[in-house]
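Okay, target_36.cif is below, mmCIF, C-alpha atoms and all ligand atoms:
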```cif
data_target
#
loop_
_atom_site.label_atom_id
_atom_site.label_comp_id
_atom_site.auth_asym_id
_atom_site.auth_seq_id
_atom_site.Cartn_x
_atom_site.Cartn_y
_atom_site.Cartn_z
CA MET A 19 -19.42 275.05 179.40
CA PRO A 20 -16.59 277.60 179.27
CA ARG A 21 -13.14 276.04 179.67
CA ILE A 22 -12.11 278.60 182.29
CA MET A 23 -14.43 279.91 185.00
CA GLU A 24 -13.55 282.54 187.57
CA VAL A 25 -16.47 282.92 189.98
CA GLY A 26 -16.98 285.20 192.97
CA GLY A 27 -16.59 288.77 194.23
CA GLY A 28 -13.50 290.40 192.75
CA ALA A 29 -13.06 287.75 190.02
CA LEU A 30 -12.71 290.55 187.43
CA GLU A 31 -9.18 291.17 188.77
CA ARG A 32 -8.11 287.88 187.16
CA LEU A 33 -8.95 288.98 183.59
CA ALA A 34 -5.33 289.35 182.45
CA GLU A 35 -4.44 285.91 183.82
CA VAL A 36 -7.38 284.39 181.98
CA LEU A 37 -6.34 286.02 178.69
CA ALA A 38 -2.75 284.85 179.20
CA ALA A 39 -3.96 281.28 179.79
CA LEU A 40 -5.88 281.42 176.51
CA GLY A 41 -2.86 282.87 174.68
CA VAL A 42 -4.74 286.08 173.83
CA ARG A 43 -2.43 289.08 173.24
CA ARG A 44 -4.64 291.34 171.07
CA PRO A 45 -8.28 291.27 172.22
CA LEU A 46 -11.23 293.28 170.93
CA ILE A 47 -13.34 294.48 173.86
CA VAL A 48 -17.05 294.41 172.99
CA THR A 49 -19.27 296.47 175.28
CA ASP A 50 -21.86 299.26 175.39
CA THR A 51 -22.15 302.88 176.49
CA THR A 52 -23.58 301.93 179.90
CA MET A 53 -20.34 300.13 180.73
CA VAL A 54 -18.38 303.19 179.65
CA GLU A 55 -20.54 305.48 181.85
CA LEU A 56 -20.35 303.19 184.90
CA GLY A 57 -16.56 303.14 184.65
CA TYR A 58 -16.47 299.36 184.18
CA LEU A 59 -14.74 299.68 180.81
CA ALA A 60 -12.05 301.86 182.42
CA ARG A 61 -11.46 299.11 185.01
CA VAL A 62 -11.05 296.51 182.27
CA GLU A 63 -8.74 298.80 180.31
CA ALA A 64 -6.58 299.37 183.41
CA LEU A 65 -6.22 295.58 183.83
CA LEU A 66 -5.23 295.14 180.17
CA ASP A 67 -2.84 298.12 180.25
CA ALA A 68 -1.12 296.71 183.33
CA ALA A 69 -0.59 293.46 181.39
CA HIS A 70 0.72 295.40 178.33
CA LEU A 71 -1.92 293.99 176.01
CA ASP A 72 -2.67 295.61 172.65
CA TYR A 73 -6.45 295.93 172.53
CA ARG A 74 -9.21 297.98 170.89
CA VAL A 75 -12.72 298.79 172.09
CA PHE A 76 -16.03 298.41 170.26
CA ALA A 77 -18.58 300.09 172.55
CA ASP A 78 -21.45 300.42 170.08
CA THR A 79 -23.43 297.28 170.85
CA VAL A 80 -27.17 297.94 171.30
CA PRO A 81 -29.81 296.43 173.60
CA GLU A 82 -31.45 293.43 171.89
CA PRO A 83 -28.68 293.44 169.22
CA THR A 84 -29.53 293.76 165.54
CA GLU A 85 -27.82 292.51 162.41
CA ALA A 86 -26.79 296.10 161.54
CA SER A 87 -25.17 296.64 164.95
CA ILE A 88 -23.24 293.38 164.55
CA ARG A 89 -21.99 294.40 161.09
CA ALA A 90 -20.34 297.49 162.62
CA GLY A 91 -18.59 295.23 165.13
CA VAL A 92 -17.38 292.88 162.41
CA GLU A 93 -15.95 295.91 160.58
CA SER A 94 -13.90 296.86 163.68
CA MET A 95 -12.79 293.26 163.89
CA ARG A 96 -11.33 293.52 160.36
CA ASP A 97 -9.31 296.64 161.27
CA GLY A 98 -7.19 294.74 163.80
CA THR A 99 -4.65 296.34 166.14
CA ASP A 100 -1.27 297.99 165.54
CA GLN A 101 0.37 294.60 166.05
CA GLY A 102 -1.94 292.66 163.74
CA ALA A 103 -5.23 290.82 163.74
CA PHE A 104 -7.26 290.31 166.90
CA ASP A 105 -6.69 286.92 168.53
CA GLY A 106 -9.59 286.98 170.98
CA LEU A 107 -12.54 288.96 172.36
CA VAL A 108 -13.63 290.24 175.74
CA ALA A 109 -17.39 290.79 176.19
CA LEU A 110 -18.35 293.14 179.02
CA GLY A 111 -21.96 293.86 179.93
CA GLY A 112 -25.40 292.27 180.06
CA GLY A 113 -26.74 289.68 177.65
CA SER A 114 -26.77 292.08 174.70
CA PRO A 115 -23.02 292.88 174.59
CA ILE A 116 -22.19 289.20 175.24
CA ASP A 117 -24.55 288.00 172.50
CA SER A 118 -23.12 290.70 170.21
CA ALA A 119 -19.54 289.60 170.92
CA LYS A 120 -20.44 285.98 170.15
CA ALA A 121 -21.81 286.95 166.74
CA ILE A 122 -18.96 289.40 165.99
CA GLY A 123 -16.38 286.75 166.89
CA VAL A 124 -17.89 284.07 164.66
CA LEU A 125 -18.65 286.36 161.70
CA GLY A 126 -15.30 288.18 162.00
CA HIS A 127 -13.42 284.88 161.96
CA PHE A 128 -15.46 282.62 159.67
CA GLY A 129 -17.29 285.23 157.55
CA GLY A 130 -20.87 284.99 156.31
CA ALA A 131 -24.00 286.64 157.65
CA ILE A 132 -25.64 285.90 160.99
CA ARG A 133 -28.69 284.46 159.22
CA ASP A 134 -26.39 281.64 158.00
CA TYR A 135 -26.26 280.47 161.62
CA GLN A 136 -29.97 280.68 162.45
CA PHE A 137 -31.60 277.51 163.84
CA PRO A 138 -31.77 274.79 162.49
CA ARG A 139 -28.31 275.75 161.16
CA SER A 140 -25.52 276.29 163.69
CA ALA A 141 -21.96 277.46 164.33
CA ALA A 142 -20.29 274.09 164.46
CA ARG A 143 -16.64 275.23 164.70
CA ILE A 144 -14.81 277.05 167.49
CA GLY A 145 -13.11 280.28 166.40
CA LEU A 146 -11.40 282.98 168.46
CA PRO A 147 -11.57 282.62 172.26
CA LEU A 148 -14.16 284.84 173.94
CA VAL A 149 -13.96 285.89 177.59
CA ALA A 150 -17.47 286.78 178.79
CA ILE A 151 -17.90 289.11 181.77
CA PRO A 152 -21.61 289.43 182.65
CA THR A 153 -22.76 292.49 184.57
CA THR A 154 -26.38 291.38 185.05
CA ALA A 155 -27.93 288.30 186.67
CA GLY A 156 -28.93 287.51 184.08
CA THR A 157 -29.25 286.04 180.72
CA GLY A 158 -26.65 283.39 181.51
CA SER A 159 -25.20 284.09 178.06
CA GLU A 160 -21.67 283.63 179.47
CA MET A 161 -22.52 279.92 179.86
CA THR A 162 -24.46 279.16 176.69
CA ARG A 163 -23.92 278.07 173.12
CA PHE A 164 -26.58 280.48 171.84
CA THR A 165 -26.79 284.01 170.58
CA ILE A 166 -29.97 285.93 169.76
CA ILE A 167 -29.72 288.56 167.02
CA THR A 168 -32.62 290.55 165.56
CA ASP A 169 -33.02 290.74 161.78
CA ASP A 170 -34.42 294.28 161.64
CA SER A 171 -35.38 294.02 157.97
CA VAL A 172 -38.12 291.48 158.77
CA GLY A 173 -38.47 292.09 162.54
CA GLU A 174 -37.43 288.66 163.73
CA LYS A 175 -35.26 287.60 166.65
CA MET A 176 -33.05 284.82 165.30
CA LEU A 177 -31.95 282.02 167.63
CA CYS A 178 -28.44 280.99 166.56
CA PRO A 179 -27.02 277.90 168.27
CA GLY A 180 -23.67 276.11 168.10
CA ILE A 181 -20.53 275.38 170.07
CA GLY A 182 -18.84 278.22 168.13
CA PHE A 183 -20.87 280.64 170.28
CA MET A 184 -19.68 279.15 173.59
CA PRO A 185 -17.31 281.50 175.46
CA ALA A 186 -13.86 280.06 176.21
CA ALA A 187 -13.95 281.70 179.64
CA ALA A 188 -16.50 283.27 181.97
CA ILE A 189 -15.68 285.76 184.71
CA VAL A 190 -18.71 285.73 187.00
CA ASP A 191 -18.23 288.58 189.51
CA TYR A 192 -21.44 289.50 191.34
CA GLU A 193 -19.94 292.82 192.49
CA LEU A 194 -20.51 294.08 188.92
CA THR A 195 -24.29 293.70 189.47
CA LEU A 196 -24.48 295.92 192.57
CA SER A 197 -25.24 299.02 190.48
CA VAL A 198 -27.90 297.44 188.23
CA PRO A 199 -31.17 299.46 188.49
CA ALA A 200 -34.30 297.83 189.91
CA ARG A 201 -36.15 297.41 186.59
CA VAL A 202 -33.23 295.65 184.91
CA THR A 203 -32.63 293.61 188.07
CA ALA A 204 -36.23 292.38 187.95
CA ASP A 205 -36.31 291.66 184.21
CA THR A 206 -32.98 289.85 184.10
CA GLY A 207 -33.75 287.99 187.34
CA ILE A 208 -37.05 286.65 185.97
CA ASP A 209 -35.20 285.72 182.77
CA ALA A 210 -32.80 283.60 184.83
CA LEU A 211 -35.70 282.01 186.73
CA THR A 212 -37.40 281.25 183.41
CA HIS A 213 -34.22 279.59 182.10
CA ALA A 214 -34.11 277.30 185.13
CA ILE A 215 -37.82 276.36 184.99
CA GLU A 216 -37.86 275.85 181.21
CA ALA A 217 -34.67 273.75 181.26
CA TYR A 218 -36.17 271.60 184.03
CA VAL A 219 -39.47 270.93 182.24
CA SER A 220 -37.89 270.74 178.76
CA ARG A 221 -38.25 267.56 176.72
CA LYS A 222 -34.45 267.74 176.36
CA ALA A 223 -33.91 267.78 180.16
CA ASN A 224 -31.22 265.37 181.36
CA PRO A 225 -29.53 264.65 184.70
CA PHE A 226 -26.82 267.25 184.05
CA SER A 227 -29.29 270.03 183.20
CA ASP A 228 -31.67 268.96 186.00
CA HIS A 229 -29.11 269.40 188.77
CA ASN A 230 -28.01 272.79 187.46
CA ALA A 231 -31.61 273.95 186.99
CA LEU A 232 -32.65 272.92 190.51
CA ALA A 233 -29.57 274.53 192.06
CA ALA A 234 -30.38 277.70 190.10
CA MET A 235 -34.00 277.73 191.36
CA ARG A 236 -32.85 277.25 194.97
CA LEU A 237 -30.56 280.25 194.59
CA ILE A 238 -32.95 282.51 192.65
CA GLY A 239 -36.25 281.72 194.42
CA PRO A 240 -35.49 283.28 197.83
CA HIS A 241 -33.34 286.15 196.50
CA LEU A 242 -35.15 287.67 193.54
CA ARG A 243 -37.40 289.95 195.62
CA ARG A 244 -34.48 290.89 197.87
CA VAL A 245 -32.28 292.24 195.05
CA TYR A 246 -35.25 294.13 193.61
CA HIS A 247 -35.96 295.92 196.88
CA GLN A 248 -32.39 296.05 198.28
CA PRO A 249 -29.92 296.63 195.45
CA ASP A 250 -26.92 296.55 197.80
CA ASP A 251 -27.80 293.22 199.45
CA ARG A 252 -24.52 291.49 198.63
CA PRO A 253 -25.39 287.89 199.63
CA ALA A 254 -28.60 288.16 197.57
CA ARG A 255 -26.72 289.61 194.57
CA GLU A 256 -24.17 286.79 194.84
CA ALA A 257 -26.90 284.14 194.95
CA MET A 258 -28.66 285.66 191.92
CA MET A 259 -25.43 285.81 189.90
CA LEU A 260 -24.55 282.20 190.63
CA GLY A 261 -28.16 281.15 190.00
CA SER A 262 -28.12 282.95 186.66
CA SER A 263 -24.94 281.19 185.53
CA LEU A 264 -26.16 277.75 186.64
CA ALA A 265 -29.48 278.38 184.87
CA GLY A 266 -27.46 279.27 181.76
CA LEU A 267 -25.61 275.99 182.04
CA ALA A 268 -28.93 274.16 182.40
CA PHE A 269 -30.59 275.64 179.33
CA SER A 270 -27.46 275.49 177.20
CA SER A 271 -27.85 271.72 177.64
CA ALA A 272 -31.63 271.27 177.79
CA SER A 273 -32.79 274.31 175.76
CA VAL A 274 -35.56 276.70 176.69
CA ALA A 275 -39.18 276.12 175.74
CA LEU A 276 -42.49 277.85 175.06
CA VAL A 277 -41.96 281.02 177.15
CA HIS A 278 -38.81 281.93 175.23
CA GLY A 279 -40.29 280.83 171.93
CA MET A 280 -43.22 283.25 172.39
CA SER A 281 -41.12 285.96 174.04
CA ARG A 282 -38.72 286.62 171.16
CA PRO A 283 -41.44 287.76 168.68
CA ILE A 284 -42.84 290.19 171.30
CA GLY A 285 -39.35 291.61 171.79
CA ALA A 286 -38.72 291.90 168.05
CA ALA A 287 -42.08 293.52 167.25
CA PHE A 288 -42.49 295.86 170.22
CA HIS A 289 -38.96 296.30 171.63
CA VAL A 290 -39.88 294.88 175.02
CA PRO A 291 -36.70 293.93 176.96
CA HIS A 292 -36.10 290.17 176.80
CA GLY A 293 -36.60 289.39 180.49
CA MET A 294 -39.75 291.50 180.68
CA SER A 295 -41.43 289.79 177.72
CA ASN A 296 -40.60 286.44 179.37
CA ALA A 297 -42.15 287.68 182.60
CA MET A 298 -45.32 288.74 180.75
CA LEU A 299 -45.67 285.17 179.49
CA LEU A 300 -44.37 283.02 182.34
CA PRO A 301 -47.55 282.69 184.48
CA ALA A 302 -49.90 281.96 181.54
CA VAL A 303 -47.52 279.59 179.76
CA THR A 304 -46.83 277.71 183.01
CA ALA A 305 -50.58 277.28 183.61
CA PHE A 306 -50.96 276.00 180.03
CA SER A 307 -48.05 273.54 180.34
CA LEU A 308 -48.58 272.29 183.89
CA PRO A 309 -51.09 269.47 183.16
CA GLU A 310 -48.45 267.68 181.04
CA ALA A 311 -45.65 267.83 183.66
CA ARG A 312 -47.25 268.05 187.12
CA GLU A 313 -44.42 266.31 188.93
CA ARG A 314 -41.72 268.45 187.29
CA TYR A 315 -43.49 271.74 188.02
CA ALA A 316 -44.15 270.62 191.61
CA THR A 317 -40.41 270.01 192.01
CA CYS A 318 -39.80 273.55 190.69
CA ALA A 319 -42.18 274.93 193.36
CA ARG A 320 -40.28 273.08 196.09
CA ALA A 321 -36.87 274.23 194.76
CA ILE A 322 -38.02 277.85 194.55
CA GLY A 323 -39.24 277.52 198.13
CA VAL A 324 -42.98 278.12 197.73
CA ALA A 325 -44.02 274.50 198.42
CA GLY A 326 -42.81 272.01 201.01
CA VAL A 327 -42.17 268.27 200.98
CA ASP A 328 -45.61 267.76 202.55
CA ASP A 329 -47.41 269.41 199.64
CA ASP A 330 -48.62 266.94 197.01
CA ASP A 331 -47.92 267.70 193.35
CA ALA A 332 -51.32 269.29 192.71
CA ARG A 333 -50.93 271.68 195.62
CA ALA A 334 -47.29 272.45 194.80
CA GLY A 335 -48.23 273.18 191.18
CA GLN A 336 -50.91 275.62 192.32
CA ARG A 337 -48.40 277.28 194.66
CA LEU A 338 -46.04 277.75 191.71
CA LEU A 339 -48.76 279.44 189.64
CA ASP A 340 -49.67 281.69 192.58
CA GLU A 341 -46.02 282.58 193.12
CA LEU A 342 -45.37 283.52 189.49
CA ALA A 343 -48.42 285.81 189.46
CA ALA A 344 -47.42 287.35 192.81
CA LEU A 345 -43.85 287.87 191.59
CA ASN A 346 -45.06 289.80 188.54
CA ARG A 347 -47.20 292.02 190.76
CA GLU A 348 -44.45 292.70 193.28
CA LEU A 349 -41.78 293.27 190.63
CA GLU A 350 -44.22 295.52 188.71
CA VAL A 351 -44.12 293.59 185.44
CA PRO A 352 -46.61 295.25 183.06
CA ARG A 353 -49.02 293.44 180.76
CA PRO A 354 -48.43 294.20 177.05
CA ARG A 355 -51.37 296.65 177.09
CA ASP A 356 -49.85 298.53 180.04
CA TYR A 357 -46.45 298.73 178.36
CA GLY A 358 -47.78 301.18 175.77
CA ILE A 359 -48.20 298.66 172.96
CA ASP A 360 -50.88 299.56 170.43
CA GLU A 361 -53.76 297.08 170.72
CA GLN A 362 -54.64 296.95 167.01
CA ARG A 363 -51.03 296.33 166.05
CA TYR A 364 -50.62 293.66 168.73
CA LEU A 365 -53.76 291.81 167.65
CA ALA A 366 -52.83 292.12 163.97
CA LEU A 367 -49.38 290.61 164.60
CA ILE A 368 -50.50 287.65 166.73
CA ASP A 369 -50.67 285.27 163.79
CA ALA A 370 -47.19 286.17 162.53
CA MET A 371 -45.76 286.07 166.06
CA ALA A 372 -47.18 282.58 166.57
CA GLU A 373 -45.57 281.46 163.33
CA GLN A 374 -42.18 282.86 164.35
CA ALA A 375 -42.50 281.33 167.81
CA LEU A 376 -43.16 277.84 166.44
CA ALA A 377 -40.44 278.15 163.76
CA SER A 378 -37.80 278.95 166.42
CA GLY A 379 -37.98 275.34 167.62
CA SER A 380 -38.24 276.26 171.31
CA PRO A 381 -41.98 275.41 171.69
CA GLY A 382 -41.14 271.88 170.53
CA ASN A 383 -39.21 271.39 173.79
CA ASN A 384 -42.22 272.31 175.92
CA PRO A 385 -43.87 269.56 178.00
CA ARG A 386 -47.15 270.48 176.25
CA VAL A 387 -46.37 271.22 172.61
CA PRO A 388 -48.86 273.84 171.45
CA SER A 389 -50.68 274.11 168.14
CA HIS A 390 -50.58 277.36 166.19
CA GLN A 391 -54.10 278.07 167.47
CA GLU A 392 -53.05 277.55 171.11
CA VAL A 393 -50.10 279.93 170.75
CA THR A 394 -52.39 282.64 169.36
CA GLU A 395 -54.77 282.08 172.30
CA LEU A 396 -51.91 282.49 174.78
CA TYR A 397 -50.89 285.77 173.10
CA ARG A 398 -54.49 286.96 173.47
CA GLU A 399 -54.67 285.80 177.08
CA ILE A 400 -51.62 287.79 178.21
CA TRP A 401 -52.71 291.02 176.45
FE FE B 501 -33.69 284.25 178.30
#
```
Please express the file's structure as structure tokens.
Ligand SMILES: [Fe+2]
Amino acid sequence: MPRIMEVGGGALERLAEVLAALGVRRPLIVTDTTMVELGYLARVEALLDAAHLDYRVFADTVPEPTEASIRAGVESMRDGTDQGAFDGLVALGGGSPIDSAKAIGVLGHFGGAIRDYQFPRSAARIGLPLVAIPTTAGTGSEMTRFTIITDDSVGEKMLCPGIGFMPAAAIVDYELTLSVPARVTADTGIDALTHAIEAYVSRKANPFSDHNALAAMRLIGPHLRRVYHQPDDRPAREAMMLGSSLAGLAFSSASVALVHGMSRPIGAAFHVPHGMSNAMLLPAVTAFSLPEARERYATCARAIGVAGVDDDDARAGQRLLDELAALNRELEVPRPRDYGIDEQRYLALIDAMAEQALASGSPGNNPRVPSHQEVTELYREIW
């Protein structure tokens, strides 16, 4: 986990203190145009100006970051500041700017190409300190040792693991999520829920990840619909933000599983936002996996709040499946065919997507490890 954590409403105000504690005098701020438009970048700049820090801004990160977009960031990293080379990074935004900053930091410091760090390889050494400031709840990227970068030349989302991608500090301020639009709130919220469920049923689950995953589900379960319908519901936003970070902690330790493994190829091929492609898959993949982990999924249902202590595991498992389907309806998650994806292209790519999914390693953590054939059937089922 990050060495420094500042959590709660208004935590952003402590950014300069955090940088001082890490000895950072010349940070590169990595963000995107949304953060510029919302005025969040200006707030960060005001904090750094007040502390007389010499910084530069790279605001050209893209949603679902690509290798090309990272290269531009690494170039800015090489330019440095008036006073010399950068000695740290600040990532401001949703999962995409944070994932971008992780890759820019490692490549800018150690060199190489991002493909050199793709699973099963990893970033084994810690480079420049990164302060992650998430503005969605969320990918949990501020708490994980992973970054996901798309290789646009072959259309593949690369999972890159390693302690080198772990932020040195996380500033988790739910007030930054109050302006997130409903669609992004839903997609990122289901992503966080998926992290918690997958970490809990993962073959790499352990007592540390279990407690974080269950706490995350207890926070996310009752609040996900509330933030979708009531964007200014502060207690619900706070619960979602904390749930997202704890879910990040859980899957950074226990990994994600089949939903994420199958989700990345959909995102790479059809540019579906990460949380939405997870949501498309979550009900079907949970139904597929449930027979191999009935007790674990039943515990998820109880933590989320859709089953009680009196429900046996079979009943609780069914309640979980019902809830995930109901959630997709209420949060208006489309099926791939309703998202405007071309049917012929989708069907033609299923085989390649299944191959990419299995190669990512994530399906190997699933309680029911699928064959290539079973993955292709799941892709067909969710169409
Ligand atoms: Fe995710």
Contacts of Asn230 in chain A within 7 Å, only C-alpha atoms, excl. fewer than 5 positions in-chain, as a PDB file with C-alpha atoms, keeping the file's coordinate frame:
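Output below, filename out-v3.pdb:
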```
ATOM      1  CA  LEU A 264     -26.160 277.750 186.640  1.00  0.00           C
ATOM      2  CA  ALA A 265     -29.480 278.380 184.870  1.00  0.00           C
ATOM      3  CA  LEU A 267     -25.610 275.990 182.040  1.00  0.00           C
ATOM      4  CA  ALA A 268     -28.930 274.160 182.400  1.00  0.00           C
TER       5      ALA A 268
END
```
Using only C-alpha atoms and all ligand atoms, tabulate the residues of chain A lying at most 10 Å from any atom of ligand FE 501 (chain B), each with its closest atom pair and that distance in Å to one decimal, by chain and increasing residue number, as a tab-separated table.
```
residue	atom	partner	partner_atom	distance
A:Gly113	CA	B:FE501	FE	8.8
A:Gly156	CA	B:FE501	FE	8.2
A:Thr157	CA	B:FE501	FE	5.4
A:Gly158	CA	B:FE501	FE	7.8
A:Ser159	CA	B:FE501	FE	8.5
A:Ile166	CA	B:FE501	FE	9.5
A:Asp205	CA	B:FE501	FE	9.8
A:Thr206	CA	B:FE501	FE	8.1
A:Gly207	CA	B:FE501	FE	9.8
A:Ile208	CA	B:FE501	FE	8.7
A:Asp209	CA	B:FE501	FE	4.9
A:Ala210	CA	B:FE501	FE	6.6
A:Leu211	CA	B:FE501	FE	9.0
A:Thr212	CA	B:FE501	FE	7.0
A:His213	CA	B:FE501	FE	6.0
A:Ala214	CA	B:FE501	FE	9.8
A:Glu216	CA	B:FE501	FE	9.8
A:Ala265	CA	B:FE501	FE	9.8
A:Gly266	CA	B:FE501	FE	8.7
A:Phe269	CA	B:FE501	FE	9.2
A:Val274	CA	B:FE501	FE	7.9
A:Val277	CA	B:FE501	FE	9.0
A:His278	CA	B:FE501	FE	6.4
A:Gly279	CA	B:FE501	FE	9.8
A:Ser281	CA	B:FE501	FE	8.7
A:Arg282	CA	B:FE501	FE	9.0
A:His292	CA	B:FE501	FE	6.6
A:Gly293	CA	B:FE501	FE	6.3
A:Met294	CA	B:FE501	FE	9.7
A:Ser295	CA	B:FE501	FE	9.5
A:Asn296	CA	B:FE501	FE	7.3
```
Exercise for review: Kindly give the distance, in Å, that separates CA of Leu299 in chain A and CA of Ile368 in chain A, rounded to a single decimal.
Suggested key: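 According to the coordinates, CA of Leu299 in chain A and CA of Ile368 in chain A are separated by 13.9 Å.
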To one decimal in Å, tell me the separation between CA of Phe288 in chain A and CA of Leu339 in chain A.
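So the two atoms, CA of Phe288 in chain A and CA of Leu339 in chain A, lie 26.2 Å apart.
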**OP:** Do a neighbour search on Leu349 in chain A at 12 Å with only C-alpha atoms, toss out local chain neighbours closer than 2 positions, and write the hits as a PyMOL selection string.
**Re:** chain A and resi 200-208+242-247+294+297-298+341-347+351-352
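For the set A:Gly335, A:Gly382, A:Gly285, A:Pro291, the residue with the smallest atom-to-atom gap to Thr304 in chain A is A:Gly335, counting all atoms listed in the file.
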The residue from A:Arg44, A:Arg139, A:Lys120, A:Arg355 with the smallest atom-to-atom distance to Arg163 in chain A, counting only C-alpha atoms, is A:Lys120
